[in-house]
$ cat my_file_23.pdb   # PDB, C-alpha atoms
MODEL        1
ATOM      1  CA  MET A   1      -1.105 -57.202  -2.329
ATOM      2  CA  SER A   2      -0.852 -58.102   1.363
ATOM      3  CA  VAL A   3       2.363 -57.201   3.145
ATOM      4  CA  GLN A   4       4.275 -58.864   5.974
ATOM      5  CA  TYR A   5       4.222 -55.792   8.240
ATOM      6  CA  PRO A   6       1.001 -53.860   7.554
ATOM      7  CA  ASP A   7       1.661 -51.483  10.481
ATOM      8  CA  SER A   8       4.825 -50.213   8.780
ATOM      9  CA  CYS A   9       5.664 -48.098   5.753
ATOM     10  CA  LEU A  10       8.754 -47.894   3.552
ATOM     11  CA  LEU A  11       9.321 -44.553   1.837
ATOM     12  CA  GLN A  12      11.609 -44.640  -1.178
ATOM     13  CA  PHE A  13      13.046 -41.175  -1.809
ATOM     14  CA  ALA A  14      13.948 -40.384  -5.422
ATOM     15  CA  LYS A  15      15.115 -37.315  -7.319
ATOM     16  CA  ALA A  16      13.302 -36.347 -10.494
ATOM     17  CA  PRO A  17      15.284 -37.650 -13.494
ATOM     18  CA  LEU A  18      16.556 -34.394 -14.970
ATOM     19  CA  GLN A  19      19.696 -34.530 -17.084
ATOM     20  CA  GLY A  20      22.579 -32.681 -15.480
ATOM     21  CA  ARG A  21      20.831 -32.651 -12.077
ATOM     22  CA  VAL A  22      21.275 -36.261 -10.950
ATOM     23  CA  LYS A  23      24.378 -38.322 -10.203
ATOM     24  CA  THR A  24      26.492 -35.207 -10.697
ATOM     25  CA  ARG A  25      29.585 -36.768  -9.100
ATOM     26  CA  LEU A  26      29.440 -39.540 -11.709
ATOM     27  CA  GLN A  27      29.291 -37.238 -14.714
ATOM     28  CA  SER A  28      33.066 -37.194 -15.073
ATOM     29  CA  ALA A  29      32.921 -40.945 -15.715
ATOM     30  CA  LEU A  30      29.538 -41.393 -17.408
ATOM     31  CA  GLY A  31      28.620 -37.992 -18.831
ATOM     32  CA  GLU A  32      25.277 -36.306 -18.184
ATOM     33  CA  ALA A  33      23.260 -38.752 -20.291
ATOM     34  CA  GLY A  34      24.920 -41.821 -18.800
ATOM     35  CA  SER A  35      24.458 -40.505 -15.274
ATOM     36  CA  LEU A  36      20.771 -39.903 -15.956
ATOM     37  CA  GLN A  37      20.394 -43.416 -17.361
ATOM     38  CA  LEU A  38      22.027 -44.924 -14.287
ATOM     39  CA  HIS A  39      19.870 -42.838 -11.957
ATOM     40  CA  CYS A  40      16.684 -44.060 -13.640
ATOM     41  CA  ALA A  41      17.911 -47.662 -13.519
ATOM     42  CA  LEU A  42      18.693 -47.412  -9.800
ATOM     43  CA  VAL A  43      15.290 -45.902  -8.968
ATOM     44  CA  ASP A  44      13.547 -48.551 -11.064
ATOM     45  CA  TYR A  45      15.571 -51.412  -9.580
ATOM     46  CA  GLN A  46      15.050 -50.347  -5.975
ATOM     47  CA  PHE A  47      11.327 -49.804  -6.482
ATOM     48  CA  ARG A  48      10.752 -53.198  -8.075
ATOM     49  CA  ILE A  49      12.779 -55.019  -5.403
ATOM     50  CA  HIS A  50      10.632 -53.646  -2.594
ATOM     51  CA  GLN A  51       7.354 -53.786  -4.443
ATOM     52  CA  ALA A  52       7.958 -57.491  -5.112
ATOM     53  CA  SER A  53       9.245 -58.349  -1.621
ATOM     54  CA  ALA A  54       6.057 -56.957   0.000
ATOM     55  CA  VAL A  55       7.690 -56.591   3.412
ATOM     56  CA  SER A  56       5.765 -53.417   4.290
ATOM     57  CA  ASN A  57       3.605 -50.780   2.684
ATOM     58  CA  LEU A  58       5.595 -48.925   0.017
ATOM     59  CA  GLU A  59       5.406 -45.310  -1.149
ATOM     60  CA  LEU A  60       7.509 -43.405  -3.685
ATOM     61  CA  TRP A  61       8.478 -39.949  -2.410
ATOM     62  CA  CYS A  62       9.767 -37.770  -5.247
ATOM     63  CA  SER A  63      11.629 -34.474  -5.325
ATOM     64  CA  ALA A  64       9.330 -33.162  -8.066
ATOM     65  CA  GLU A  65       6.527 -34.281 -10.340
ATOM     66  CA  HIS A  66       7.739 -36.312 -13.331
ATOM     67  CA  ASN A  67       6.086 -38.756 -15.726
ATOM     68  CA  PHE A  68       8.873 -41.299 -15.086
ATOM     69  CA  PHE A  69       7.464 -41.922 -11.607
ATOM     70  CA  HIS A  70       3.910 -42.406 -12.845
ATOM     71  CA  GLN A  71       5.087 -44.922 -15.435
ATOM     72  CA  LEU A  72       7.055 -46.740 -12.741
ATOM     73  CA  VAL A  73       4.131 -47.228 -10.355
ATOM     74  CA  GLU A  74       1.496 -47.878 -13.032
ATOM     75  CA  GLY A  75      -0.601 -50.886 -12.112
ATOM     76  CA  THR A  76       1.046 -51.355  -8.702
ATOM     77  CA  GLY A  77      -1.217 -49.230  -6.517
ATOM     78  CA  VAL A  78       1.843 -47.589  -4.946
ATOM     79  CA  ARG A  79       1.278 -43.991  -3.909
ATOM     80  CA  ILE A  80       3.468 -41.158  -5.243
ATOM     81  CA  VAL A  81       4.079 -38.290  -2.808
ATOM     82  CA  GLU A  82       6.039 -35.110  -3.506
ATOM     83  CA  GLN A  83       8.694 -34.290  -0.892
ATOM     84  CA  GLN A  84       8.377 -30.989   0.973
ATOM     85  CA  GLY A  85      11.287 -29.072   2.494
ATOM     86  CA  ARG A  86      14.300 -26.903   1.783
ATOM     87  CA  ASP A  87      16.922 -29.599   2.269
ATOM     88  CA  LEU A  88      17.117 -33.363   2.706
ATOM     89  CA  GLY A  89      16.776 -33.167   6.483
ATOM     90  CA  GLU A  90      13.618 -31.092   6.319
ATOM     91  CA  ARG A  91      12.148 -33.347   3.641
ATOM     92  CA  MET A  92      12.803 -36.483   5.709
ATOM     93  CA  ALA A  93      11.468 -34.860   8.884
ATOM     94  CA  ASN A  94       8.266 -33.858   7.097
ATOM     95  CA  ALA A  95       7.837 -37.358   5.680
ATOM     96  CA  PHE A  96       8.293 -38.988   9.091
ATOM     97  CA  ALA A  97       5.887 -36.496  10.676
ATOM     98  CA  LYS A  98       3.195 -37.394   8.150
ATOM     99  CA  ARG A  99       3.578 -41.156   8.183
ATOM    100  CA  LEU A 100       4.319 -41.805  11.866
ATOM    101  CA  GLY A 101       0.782 -40.579  12.522
ATOM    102  CA  GLN A 102      -0.482 -43.473  10.414
ATOM    103  CA  PHE A 103       2.088 -46.251  10.916
ATOM    104  CA  ASN A 104       3.938 -47.607  13.947
ATOM    105  CA  ARG A 105       7.258 -47.878  12.105
ATOM    106  CA  VAL A 106       8.475 -45.831   9.153
ATOM    107  CA  ILE A 107      11.640 -46.346   7.113
ATOM    108  CA  ILE A 108      13.185 -44.002   4.557
ATOM    109  CA  ILE A 109      15.673 -45.173   1.964
ATOM    110  CA  GLY A 110      17.173 -43.418  -1.025
ATOM    111  CA  SER A 111      17.444 -44.902  -4.494
ATOM    112  CA  ASP A 112      21.240 -45.063  -4.677
ATOM    113  CA  CYS A 113      21.936 -48.348  -2.872
ATOM    114  CA  PRO A 114      20.894 -51.446  -4.857
ATOM    115  CA  ALA A 115      22.121 -53.707  -2.043
ATOM    116  CA  ILE A 116      19.083 -52.835   0.108
ATOM    117  CA  ASN A 117      16.709 -55.789  -0.210
ATOM    118  CA  GLY A 118      13.676 -57.171   1.567
ATOM    119  CA  GLU A 119      15.775 -58.937   4.179
ATOM    120  CA  TYR A 120      17.543 -55.679   5.059
ATOM    121  CA  ILE A 121      14.182 -53.910   5.450
ATOM    122  CA  THR A 122      12.919 -56.758   7.625
ATOM    123  CA  GLN A 123      15.969 -56.424   9.895
ATOM    124  CA  ALA A 124      15.291 -52.693  10.226
ATOM    125  CA  LEU A 125      11.624 -53.183  11.096
ATOM    126  CA  GLU A 126      12.416 -55.822  13.698
ATOM    127  CA  ALA A 127      15.005 -53.496  15.259
ATOM    128  CA  LEU A 128      12.291 -50.876  15.710
ATOM    129  CA  ASP A 129      10.477 -53.257  18.051
ATOM    130  CA  ASP A 130      13.309 -52.661  20.542
ATOM    131  CA  VAL A 131      14.675 -49.163  19.894
ATOM    132  CA  PRO A 132      13.264 -45.879  18.545
ATOM    133  CA  ALA A 133      15.770 -45.606  15.681
ATOM    134  CA  VAL A 134      17.627 -47.851  13.259
ATOM    135  CA  PHE A 135      20.207 -46.978  10.612
ATOM    136  CA  GLY A 136      21.809 -48.586   7.631
ATOM    137  CA  PRO A 137      25.223 -46.898   7.548
ATOM    138  CA  ALA A 138      26.754 -46.053   4.185
ATOM    139  CA  THR A 139      30.370 -46.957   3.584
ATOM    140  CA  ASP A 140      31.075 -43.284   2.763
ATOM    141  CA  GLY A 141      30.036 -42.003   6.211
ATOM    142  CA  GLY A 142      26.379 -41.257   5.554
ATOM    143  CA  TYR A 143      23.464 -43.622   5.850
ATOM    144  CA  VAL A 144      21.410 -45.521   3.264
ATOM    145  CA  LEU A 145      18.462 -46.201   5.589
ATOM    146  CA  ILE A 146      16.843 -44.539   8.571
ATOM    147  CA  GLY A 147      13.909 -46.000  10.451
ATOM    148  CA  LEU A 148      11.971 -44.471  13.352
ATOM    149  CA  ASN A 149       9.026 -45.326  15.567
ATOM    150  CA  CYS A 150       8.939 -41.797  17.028
ATOM    151  CA  LEU A 151      10.216 -38.431  15.835
ATOM    152  CA  ASN A 152      12.592 -35.800  17.149
ATOM    153  CA  LEU A 153      13.491 -33.010  14.720
ATOM    154  CA  THR A 154      16.982 -32.684  16.219
ATOM    155  CA  LEU A 155      18.014 -35.654  14.099
ATOM    156  CA  PHE A 156      17.481 -33.671  10.900
ATOM    157  CA  SER A 157      18.537 -30.085  11.582
ATOM    158  CA  ASP A 158      21.959 -28.612  10.765
ATOM    159  CA  ILE A 159      23.393 -31.850   9.370
ATOM    160  CA  PRO A 160      25.920 -31.498   6.505
ATOM    161  CA  TRP A 161      24.014 -33.747   4.093
ATOM    162  CA  GLY A 162      26.071 -35.346   1.353
ATOM    163  CA  THR A 163      29.256 -35.444   3.415
ATOM    164  CA  GLY A 164      31.103 -38.173   5.282
ATOM    165  CA  GLU A 165      30.110 -36.629   8.617
ATOM    166  CA  VAL A 166      26.399 -37.447   8.482
ATOM    167  CA  MET A 167      26.374 -40.714  10.440
ATOM    168  CA  ALA A 168      28.822 -39.510  13.100
ATOM    169  CA  MET A 169      26.877 -36.298  13.687
ATOM    170  CA  THR A 170      23.613 -38.237  13.831
ATOM    171  CA  GLN A 171      25.113 -40.572  16.446
ATOM    172  CA  ASN A 172      26.047 -37.513  18.519
ATOM    173  CA  ARG A 173      22.471 -36.248  18.287
ATOM    174  CA  LEU A 174      21.127 -39.653  19.350
ATOM    175  CA  ASN A 175      23.449 -39.660  22.350
ATOM    176  CA  SER A 176      22.348 -36.165  23.342
ATOM    177  CA  LEU A 177      18.713 -37.283  23.170
ATOM    178  CA  GLY A 178      19.462 -40.342  25.269
ATOM    179  CA  TRP A 179      18.086 -42.592  22.521
ATOM    180  CA  ALA A 180      19.160 -46.162  21.972
ATOM    181  CA  TRP A 181      19.538 -47.200  18.348
ATOM    182  CA  LYS A 182      20.655 -50.100  16.204
ATOM    183  CA  GLU A 183      22.856 -50.140  13.121
ATOM    184  CA  LEU A 184      22.625 -52.689  10.336
ATOM    185  CA  SER A 185      25.553 -53.738   8.162
ATOM    186  CA  ALA A 186      27.158 -50.910   6.184
ATOM    187  CA  LEU A 187      26.329 -50.766   2.462
ATOM    188  CA  PRO A 188      27.690 -48.703  -0.447
ATOM    189  CA  ASP A 189      25.866 -45.916  -2.246
ATOM    190  CA  ILE A 190      26.493 -45.552  -5.977
ATOM    191  CA  ASP A 191      27.516 -41.904  -6.027
ATOM    192  CA  ARG A 192      31.154 -41.666  -7.173
ATOM    193  CA  PRO A 193      33.141 -43.202 -10.057
ATOM    194  CA  GLU A 194      34.888 -45.561  -7.614
ATOM    195  CA  ASP A 195      31.462 -46.877  -6.521
ATOM    196  CA  LEU A 196      30.696 -48.251  -9.993
ATOM    197  CA  VAL A 197      32.624 -51.431  -9.150
ATOM    198  CA  GLU A 198      29.646 -52.378  -6.945
ATOM    199  CA  LEU A 199      27.270 -52.646  -9.901
ATOM    200  CA  PRO A 200      28.343 -55.904 -11.625
ATOM    201  CA  SER A 201      27.065 -58.026  -8.713
ATOM    202  CA  PHE A 202      23.525 -56.850  -9.440
ATOM    203  CA  ASP A 203      22.723 -58.699 -12.637
ATOM    204  CA  GLU A 204      19.183 -57.377 -13.013
ATOM    205  CA  LEU A 205      20.339 -53.774 -12.617
ATOM    206  CA  GLN A 206      23.070 -54.363 -15.175
ATOM    207  CA  LYS A 207      20.467 -55.530 -17.681
ATOM    208  CA  ILE A 208      18.427 -52.374 -17.152
ATOM    209  CA  TYR A 209      21.429 -50.073 -17.311
ATOM    210  CA  CYS A 210      23.280 -51.697 -20.197
TER     211      CYS A 210
ENDMDL
END
$ encode --input "my_file_23.pdb" --output "structure tokens"
Amino acid sequence: MSVQYPDSCLLQFAKAPLQGRVKTRLQSALGEAGSLQLHCALVDYQFRIHQASAVSNLELWCSAEHNFFHQLVEGTGVRIVEQQGRDLGERMANAFAKRLGQFNRVIIIGSDCPAINGEYITQALEALDDVPAVFGPATDGGYVLIGLNCLNLTLFSDIPWGTGEVMAMTQNRLNSLGWAWKELSALPDIDRPEDLVELPSFDELQKIYC
């Protein structure tokens, strides 16, 4: 399948679907099995949205080997890559280091924000024509998307991942580097029980999950 931006690559990060290890903050509302089911539905939904939109090259970067990922990409030609690193920052830095040697623009997204669509990715790629970094802020203080056309490891070291301080601390790092950046509209992650109200607007995801 040809893509709109062949010089760019979108990396979808996803955790291996292991019961009790994913969507842990939702287990009080959904239980371990329900949280696992939602996690799989979110990964599946996000993958199919971007595979169908064909905005850029797409790869699935997984926390560990799992048959779920192979079933998901079967017949699509999408590459599965295992993440390397001790924490999220190191894993993202390693992914950018590998792919920025092959592509002019690289974007990383998670699998927890079903609102990210092809138009959002297009906005991020176009921003990278003007600045070295682009972010999709999360409504909880993190970010749902990061895109770079060059790499500085300062952006990924000693960040309190999973907290509401991530975006603010990253902005401070960008300022210290003297980098310009752009921010897209803020979007919600589906991480906490109060985030579940965001799901009904995504009819296709609801069909998978329910």
$ residues_around --input "my_file_23.pdb" --residues "stretch 133-143 of chain A" --least-positions-apart "3" --cutoff "10 Å" --atoms "only C-alpha atoms" --output "PyMOL selection string"
chain A and resi 105-110+113+116+120-121+123-130+146-151+160-171+174+179-189+191+195
$ residues_around --input "my_file_23.pdb" --residues "A:Phe47" --least-positions-apart "6" --cutoff "9 Å" --atoms "all atoms listed in the file" --output "list of chain:residue names"
A:Gln12, A:Leu58, A:Leu60, A:Leu72, A:Val73, A:Ser111
$ axis_aligned_box --input "my_file_23.pdb" --around "stretch 25-44 of chain A" --padding-each-side "3 Å" --output "lines of an AutoDock Vina configuration file"
center_x = 23.3
center_y = -42.4
center_z = -14.6
size_x = 25.5
size_y = 18.2
size_z = 17.3
$ resolve_selection --input "my_file_23.pdb" --expression "the PyMOL selection byres ((chain A and resi 16) around 6)" --output "list in words"
Lys15, Pro17, Leu18, Ser63 and Ala64 of chain A
$ residues_near_point --input "my_file_23.pdb" --point "(15.0, -34.6, 6.3)" --cutoff "10 Å" --atoms "all atoms listed in the file" --output "mmCIF file with C-alpha atoms, in the coordinates of the input"
data_model
loop_
_atom_site.group_PDB
_atom_site.id
_atom_site.type_symbol
_atom_site.label_atom_id
_atom_site.label_comp_id
_atom_site.auth_asym_id
_atom_site.auth_seq_id
_atom_site.Cartn_x
_atom_site.Cartn_y
_atom_site.Cartn_z
ATOM 1 C CA GLN A 83 8.694 -34.290 -0.892
ATOM 2 C CA GLN A 84 8.377 -30.989 0.973
ATOM 3 C CA GLY A 85 11.287 -29.072 2.494
ATOM 4 C CA ARG A 86 14.300 -26.903 1.783
ATOM 5 C CA ASP A 87 16.922 -29.599 2.269
ATOM 6 C CA LEU A 88 17.117 -33.363 2.706
ATOM 7 C CA GLY A 89 16.776 -33.167 6.483
ATOM 8 C CA GLU A 90 13.618 -31.092 6.319
ATOM 9 C CA ARG A 91 12.148 -33.347 3.641
ATOM 10 C CA MET A 92 12.803 -36.483 5.709
ATOM 11 C CA ALA A 93 11.468 -34.860 8.884
ATOM 12 C CA ASN A 94 8.266 -33.858 7.097
ATOM 13 C CA ALA A 95 7.837 -37.358 5.680
ATOM 14 C CA PHE A 96 8.293 -38.988 9.091
ATOM 15 C CA ILE A 108 13.185 -44.002 4.557
ATOM 16 C CA LEU A 153 13.491 -33.010 14.720
ATOM 17 C CA LEU A 155 18.014 -35.654 14.099
ATOM 18 C CA PHE A 156 17.481 -33.671 10.900
ATOM 19 C CA SER A 157 18.537 -30.085 11.582
ATOM 20 C CA ILE A 159 23.393 -31.850 9.370
ATOM 21 C CA TRP A 161 24.014 -33.747 4.093
#
$ atom_distance --input "my_file_23.pdb" --atom1 "atom CA of A:Asn104" --atom2 "atom CA of A:Cys9"
8.4 Å
$ resolve_selection --input "my_file_23.pdb" --expression "the PyMOL selection byres ((chain A and resi 196) around 12)" --output "list in words"
Lys23, Arg25, Leu26, Ala29, Leu30, Ser35, Leu38, Asp112, Cys113, Pro114, Pro188, Asp189, Ile190, Asp191, Arg192, Pro193, Glu194, Asp195, Val197, Glu198, Leu199, Pro200, Ser201, Phe202, Gln206 and Tyr209 of chain A
$ closest_residue --input "my_file_23.pdb" --among "A:Val78, A:Cys62, A:Ala54, A:Ala97" --to "A:Glu119" --atoms "all atoms listed in the file"
A:Ala54
$ atom_distance --input "my_file_23.pdb" --atom1 "atom CA of A:Ser2" --atom2 "atom CA of A:Thr76"
12.3 Å
$ decode --input "my_file_23.pdb" --residues "stretch 163-182 of chain A" --atoms "C-alpha atoms" --output "PDB file, in the first residue's frame"
ATOM      1  CA  THR A 163       2.519  11.422  35.936  1.00  0.00           C
ATOM      2  CA  GLY A 164       0.880  14.755  35.198  1.00  0.00           C
ATOM      3  CA  GLU A 165       4.285  16.451  35.049  1.00  0.00           C
ATOM      4  CA  VAL A 166       5.508  14.874  31.812  1.00  0.00           C
ATOM      5  CA  MET A 167       4.494  17.584  29.336  1.00  0.00           C
ATOM      6  CA  ALA A 168       5.588  20.476  31.562  1.00  0.00           C
ATOM      7  CA  MET A 169       8.992  18.916  32.215  1.00  0.00           C
ATOM      8  CA  THR A 170       9.418  18.165  28.515  1.00  0.00           C
ATOM      9  CA  GLN A 171       8.634  21.804  27.685  1.00  0.00           C
ATOM     10  CA  ASN A 172      11.361  22.861  30.131  1.00  0.00           C
ATOM     11  CA  ARG A 173      13.827  20.544  28.402  1.00  0.00           C
ATOM     12  CA  LEU A 174      12.866  21.955  24.994  1.00  0.00           C
ATOM     13  CA  ASN A 175      13.422  25.484  26.270  1.00  0.00           C
ATOM     14  CA  SER A 176      16.824  24.552  27.672  1.00  0.00           C
ATOM     15  CA  LEU A 177      17.792  23.085  24.295  1.00  0.00           C
ATOM     16  CA  GLY A 178      16.612  26.203  22.503  1.00  0.00           C
ATOM     17  CA  TRP A 179      14.251  24.110  20.370  1.00  0.00           C
ATOM     18  CA  ALA A 180      11.065  25.413  18.837  1.00  0.00           C
ATOM     19  CA  TRP A 181       8.131  23.018  18.916  1.00  0.00           C
ATOM     20  CA  LYS A 182       4.455  22.817  18.082  1.00  0.00           C
TER      21      LYS A 182
END
